[in-house]
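This is input.tsv (TSV, N, CA and C atoms).
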chain	number	residue	atom	x	y	z
A	540	MET	N	68.02	-2.49	-73.27
A	540	MET	CA	67.65	-1.10	-73.49
A	540	MET	C	66.98	-0.57	-72.22
A	541	ASN	N	67.16	0.69	-71.96
A	541	ASN	CA	66.62	1.34	-70.78
A	541	ASN	C	65.09	1.43	-70.86
A	542	LYS	N	64.43	1.25	-69.72
A	542	LYS	CA	62.96	1.28	-69.69
A	542	LYS	C	62.43	2.65	-70.08
A	543	LYS	N	63.11	3.71	-69.65
A	543	LYS	CA	62.67	5.06	-69.99
A	543	LYS	C	62.77	5.30	-71.51
A	544	THR	N	63.83	4.79	-72.11
A	544	THR	CA	64.00	4.93	-73.56
A	544	THR	C	62.91	4.18	-74.31
A	545	LEU	N	62.61	2.96	-73.84
A	545	LEU	CA	61.54	2.19	-74.46
A	545	LEU	C	60.20	2.91	-74.35
A	546	GLU	N	59.95	3.52	-73.21
A	546	GLU	CA	58.69	4.24	-73.01
A	546	GLU	C	58.57	5.43	-73.95
A	547	ILE	N	59.65	6.16	-74.11
A	547	ILE	CA	59.64	7.33	-75.00
A	547	ILE	C	59.46	6.90	-76.45
A	548	LEU	N	60.18	5.87	-76.87
A	548	LEU	CA	60.06	5.39	-78.25
A	548	LEU	C	58.66	4.83	-78.52
A	549	ALA	N	58.10	4.14	-77.55
A	549	ALA	CA	56.76	3.58	-77.73
A	549	ALA	C	55.71	4.69	-77.82
A	550	SER	N	55.87	5.72	-77.03
A	550	SER	CA	54.89	6.81	-77.09
A	550	SER	C	55.00	7.58	-78.41
A	551	ILE	N	56.21	7.82	-78.87
A	551	ILE	CA	56.38	8.50	-80.16
A	551	ILE	C	55.82	7.63	-81.29
A	552	GLY	N	56.10	6.34	-81.24
A	552	GLY	CA	55.59	5.43	-82.26
A	552	GLY	C	54.07	5.36	-82.28
A	553	SER	N	53.48	5.33	-81.10
A	553	SER	CA	52.01	5.24	-81.06
A	553	SER	C	51.36	6.53	-81.55
A	554	VAL	N	51.95	7.67	-81.29
A	554	VAL	CA	51.41	8.92	-81.81
A	554	VAL	C	51.55	8.97	-83.33
A	555	LEU	N	52.67	8.46	-83.85
A	555	LEU	CA	52.83	8.40	-85.30
A	555	LEU	C	51.80	7.46	-85.94
A	556	VAL	N	51.48	6.36	-85.26
A	556	VAL	CA	50.45	5.45	-85.74
A	556	VAL	C	49.09	6.16	-85.75
A	557	LEU	N	48.80	6.92	-84.70
A	557	LEU	CA	47.53	7.67	-84.65
A	557	LEU	C	47.44	8.68	-85.79
A	558	ILE	N	48.51	9.39	-86.05
A	558	ILE	CA	48.53	10.36	-87.13
A	558	ILE	C	48.31	9.66	-88.48
A	559	ALA	N	48.96	8.52	-88.67
A	559	ALA	CA	48.79	7.77	-89.92
A	559	ALA	C	47.36	7.27	-90.07
A	560	LEU	N	46.77	6.80	-88.98
A	560	LEU	CA	45.38	6.33	-89.05
A	560	LEU	C	44.42	7.47	-89.38
A	561	ILE	N	44.65	8.64	-88.82
A	561	ILE	CA	43.80	9.79	-89.12
A	561	ILE	C	43.93	10.21	-90.59
A	562	ILE	N	45.15	10.21	-91.10
A	562	ILE	CA	45.36	10.57	-92.50
A	562	ILE	C	44.71	9.55	-93.43
A	563	ILE	N	44.86	8.27	-93.11
A	563	ILE	CA	44.26	7.22	-93.94
A	563	ILE	C	42.74	7.32	-93.90
A	564	THR	N	42.19	7.56	-92.71
A	564	THR	CA	40.73	7.69	-92.58
A	564	THR	C	40.22	8.87	-93.37
A	565	HIS	N	40.91	9.99	-93.26
A	565	HIS	CA	40.45	11.19	-93.98
A	565	HIS	C	40.53	11.00	-95.48
A	566	SER	N	41.60	10.40	-95.96
A	566	SER	CA	41.74	10.22	-97.40
A	566	SER	C	40.78	9.16	-97.94
A	567	ALA	N	40.45	8.17	-97.13
A	567	ALA	CA	39.57	7.10	-97.60
A	567	ALA	C	38.11	7.51	-97.60
A	568	PHE	N	37.68	8.31	-96.62
A	568	PHE	CA	36.26	8.61	-96.48
A	568	PHE	C	35.88	10.05	-96.79
A	569	SER	N	36.81	10.87	-97.23
A	569	SER	CA	36.47	12.28	-97.49
A	569	SER	C	35.56	12.43	-98.72
A	570	ALA	N	35.68	11.53	-99.67
A	570	ALA	CA	34.85	11.61	-100.88
A	570	ALA	C	33.53	10.87	-100.72
A	571	ASP	N	33.34	10.19	-99.61
A	571	ASP	CA	32.11	9.44	-99.37
A	571	ASP	C	30.95	10.41	-99.16
A	572	PRO	N	29.81	10.18	-99.80
A	572	PRO	CA	28.68	11.10	-99.62
A	572	PRO	C	28.10	11.07	-98.20
A	573	ASN	N	28.36	10.01	-97.45
A	573	ASN	CA	27.86	9.93	-96.08
A	573	ASN	C	28.94	10.43	-95.13
A	574	PRO	N	28.77	11.62	-94.53
A	574	PRO	CA	29.83	12.17	-93.66
A	574	PRO	C	30.00	11.40	-92.36
A	575	LEU	N	29.03	10.56	-92.01
A	575	LEU	CA	29.17	9.78	-90.78
A	575	LEU	C	30.27	8.73	-90.88
A	576	MET	N	30.56	8.26	-92.08
A	576	MET	CA	31.60	7.24	-92.24
A	576	MET	C	32.96	7.78	-91.81
A	577	GLU	N	33.24	9.04	-92.14
A	577	GLU	CA	34.51	9.62	-91.73
A	577	GLU	C	34.56	9.77	-90.21
A	578	SER	N	33.45	10.13	-89.61
A	578	SER	CA	33.40	10.23	-88.15
A	578	SER	C	33.62	8.89	-87.49
A	579	TYR	N	32.99	7.85	-88.02
A	579	TYR	CA	33.20	6.50	-87.49
A	579	TYR	C	34.65	6.06	-87.67
A	580	GLY	N	35.25	6.45	-88.76
A	580	GLY	CA	36.66	6.12	-88.99
A	580	GLY	C	37.56	6.79	-87.96
A	581	PHE	N	37.26	8.04	-87.63
A	581	PHE	CA	38.05	8.73	-86.61
A	581	PHE	C	37.88	8.08	-85.24
A	582	ILE	N	36.66	7.65	-84.94
A	582	ILE	CA	36.41	6.97	-83.67
A	582	ILE	C	37.17	5.64	-83.64
A	583	ALA	N	37.15	4.91	-84.74
A	583	ALA	CA	37.89	3.64	-84.81
A	583	ALA	C	39.40	3.88	-84.65
A	584	SER	N	39.90	4.96	-85.24
A	584	SER	CA	41.32	5.29	-85.09
A	584	SER	C	41.66	5.57	-83.64
A	585	LEU	N	40.79	6.27	-82.94
A	585	LEU	CA	41.02	6.58	-81.54
A	585	LEU	C	40.97	5.31	-80.68
A	586	VAL	N	40.05	4.41	-81.00
A	586	VAL	CA	39.96	3.15	-80.25
A	586	VAL	C	41.21	2.31	-80.46
A	587	ILE	N	41.70	2.25	-81.69
A	587	ILE	CA	42.94	1.52	-81.97
A	587	ILE	C	44.11	2.14	-81.22
A	588	PHE	N	44.18	3.46	-81.17
A	588	PHE	CA	45.24	4.15	-80.44
A	588	PHE	C	45.18	3.82	-78.95
A	589	ILE	N	43.98	3.82	-78.37
A	589	ILE	CA	43.84	3.53	-76.95
A	589	ILE	C	44.24	2.08	-76.66
A	590	LEU	N	43.84	1.16	-77.51
A	590	LEU	CA	44.23	-0.24	-77.33
A	590	LEU	C	45.74	-0.42	-77.46
A	591	LEU	N	46.34	0.30	-78.39
A	591	LEU	CA	47.79	0.23	-78.58
A	591	LEU	C	48.52	0.77	-77.36
A	592	ILE	N	48.09	1.89	-76.85
A	592	ILE	CA	48.72	2.48	-75.66
A	592	ILE	C	48.55	1.54	-74.45
A	593	SER	N	47.38	0.94	-74.32
A	593	SER	CA	47.14	0.02	-73.21
A	593	SER	C	48.05	-1.20	-73.31
A	594	GLY	N	48.17	-1.75	-74.49
A	594	GLY	CA	49.06	-2.90	-74.69
A	594	GLY	C	50.51	-2.58	-74.41
A	595	ILE	N	50.93	-1.39	-74.84
A	595	ILE	CA	52.31	-0.97	-74.58
A	595	ILE	C	52.53	-0.81	-73.07
A	596	GLY	N	51.57	-0.23	-72.39
A	596	GLY	CA	51.70	-0.05	-70.96
A	596	GLY	C	51.78	-1.36	-70.21
A	597	ILE	N	51.00	-2.33	-70.64
A	597	ILE	CA	51.04	-3.65	-70.00
A	597	ILE	C	52.37	-4.33	-70.26
A	598	LYS	N	52.89	-4.22	-71.46
A	598	LYS	CA	54.19	-4.84	-71.79
A	598	LYS	C	55.34	-4.13	-71.08
A	599	LEU	N	55.23	-2.83	-70.87
A	599	LEU	CA	56.32	-2.10	-70.20
A	599	LEU	C	56.44	-2.46	-68.73
A	600	THR	N	55.37	-2.98	-68.13
A	600	THR	CA	55.47	-3.39	-66.72
A	600	THR	C	56.33	-4.65	-66.58
A	601	ASP	N	56.47	-5.43	-67.65
A	601	ASP	CA	57.30	-6.64	-67.61
A	601	ASP	C	58.78	-6.35	-67.82
A	602	VAL	N	59.10	-5.18	-68.39
A	602	VAL	CA	60.49	-4.83	-68.68
A	602	VAL	C	61.16	-4.35	-67.39
A	603	GLU	N	62.38	-4.82	-67.19
A	603	GLU	CA	63.12	-4.40	-65.99
A	603	GLU	C	64.03	-3.24	-66.26

Take the structure in this file and express it as structure tokens.
Amino acid sequence: MNKKTLEILASIGSVLVLIALIIITHSAFSADPNPLMESYGFIASLVIFILLISGIGIKLTDVE
């Protein structure tokens, strides 16, 4: 598979993962009486997204 195609598919997939994490976080913590839990969930979602993008970038350097 072409490296450019892999890069595009990986970026679309990672954005979809971020959207899913945000939806899951909002639905899980919206009824919680402590509003900080939802904020921490959003921060955790962003950290997971950054780690995912970093891992994809490192793996894409190995693809020819």

**Request:** Just give me the gap between atom CA of Ile551 of chain A and atom CA of Leu590 of chain A in Å, one decimal is fine.
**Result:** 15.2 Å

**Message:** Can you pull out the residues contacting segment 541-547 of chain A? Cut-off 6.5 Å, using all atoms listed in the file, and skip same-chain residues under 2 positions away; I want them as a PyMOL selection string.
**Reply:** chain A and resi 549-552+602-603

Output for the residues just chosen: N, CA and C atoms as a CSV table (one decimal), keeping the file's coordinate frame:
chain,number,residue,atom,x,y,z
A,549,ALA,N,58.1,4.1,-77.6
A,549,ALA,CA,56.8,3.6,-77.7
A,549,ALA,C,55.7,4.7,-77.8
A,550,SER,N,55.9,5.7,-77.0
A,550,SER,CA,54.9,6.8,-77.1
A,550,SER,C,55.0,7.6,-78.4
A,551,ILE,N,56.2,7.8,-78.9
A,551,ILE,CA,56.4,8.5,-80.2
A,551,ILE,C,55.8,7.6,-81.3
A,552,GLY,N,56.1,6.3,-81.2
A,552,GLY,CA,55.6,5.4,-82.3
A,552,GLY,C,54.1,5.4,-82.3
A,602,VAL,N,59.1,-5.2,-68.4
A,602,VAL,CA,60.5,-4.8,-68.7
A,602,VAL,C,61.2,-4.4,-67.4
A,603,GLU,N,62.4,-4.8,-67.2
A,603,GLU,CA,63.1,-4.4,-66.0
A,603,GLU,C,64.0,-3.2,-66.3

**Prompt:** What residues in chain A get the DSSP label alpha helix (DSSP H)? Please answer as a ChimeraX atom specification.
**Reply:** /A:542-568,574-599

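Going from atom CA of Ser584 of chain A to atom C of Met540 of chain A covers 29.3 Å.
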
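The coordinates place atom CA of Ile592 of chain A at 28.9 Å from atom C of Asn573 of chain A.
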
**Item:** Top pick for closest residue to Ser553 of chain A, considering A:His565, A:Phe581, A:Lys598, A:Phe588 and counting all atoms listed in the file
**Value:** A:Phe588

**Message:** List the spatial neighbours of Phe568 of chain A as number ranges by chain - criterion: any atom at most 8 Å away, only C-alpha atoms, same-chain residues fewer than 4 positions off excluded.
**Reply:** A: 564, 574, 576-577, 580
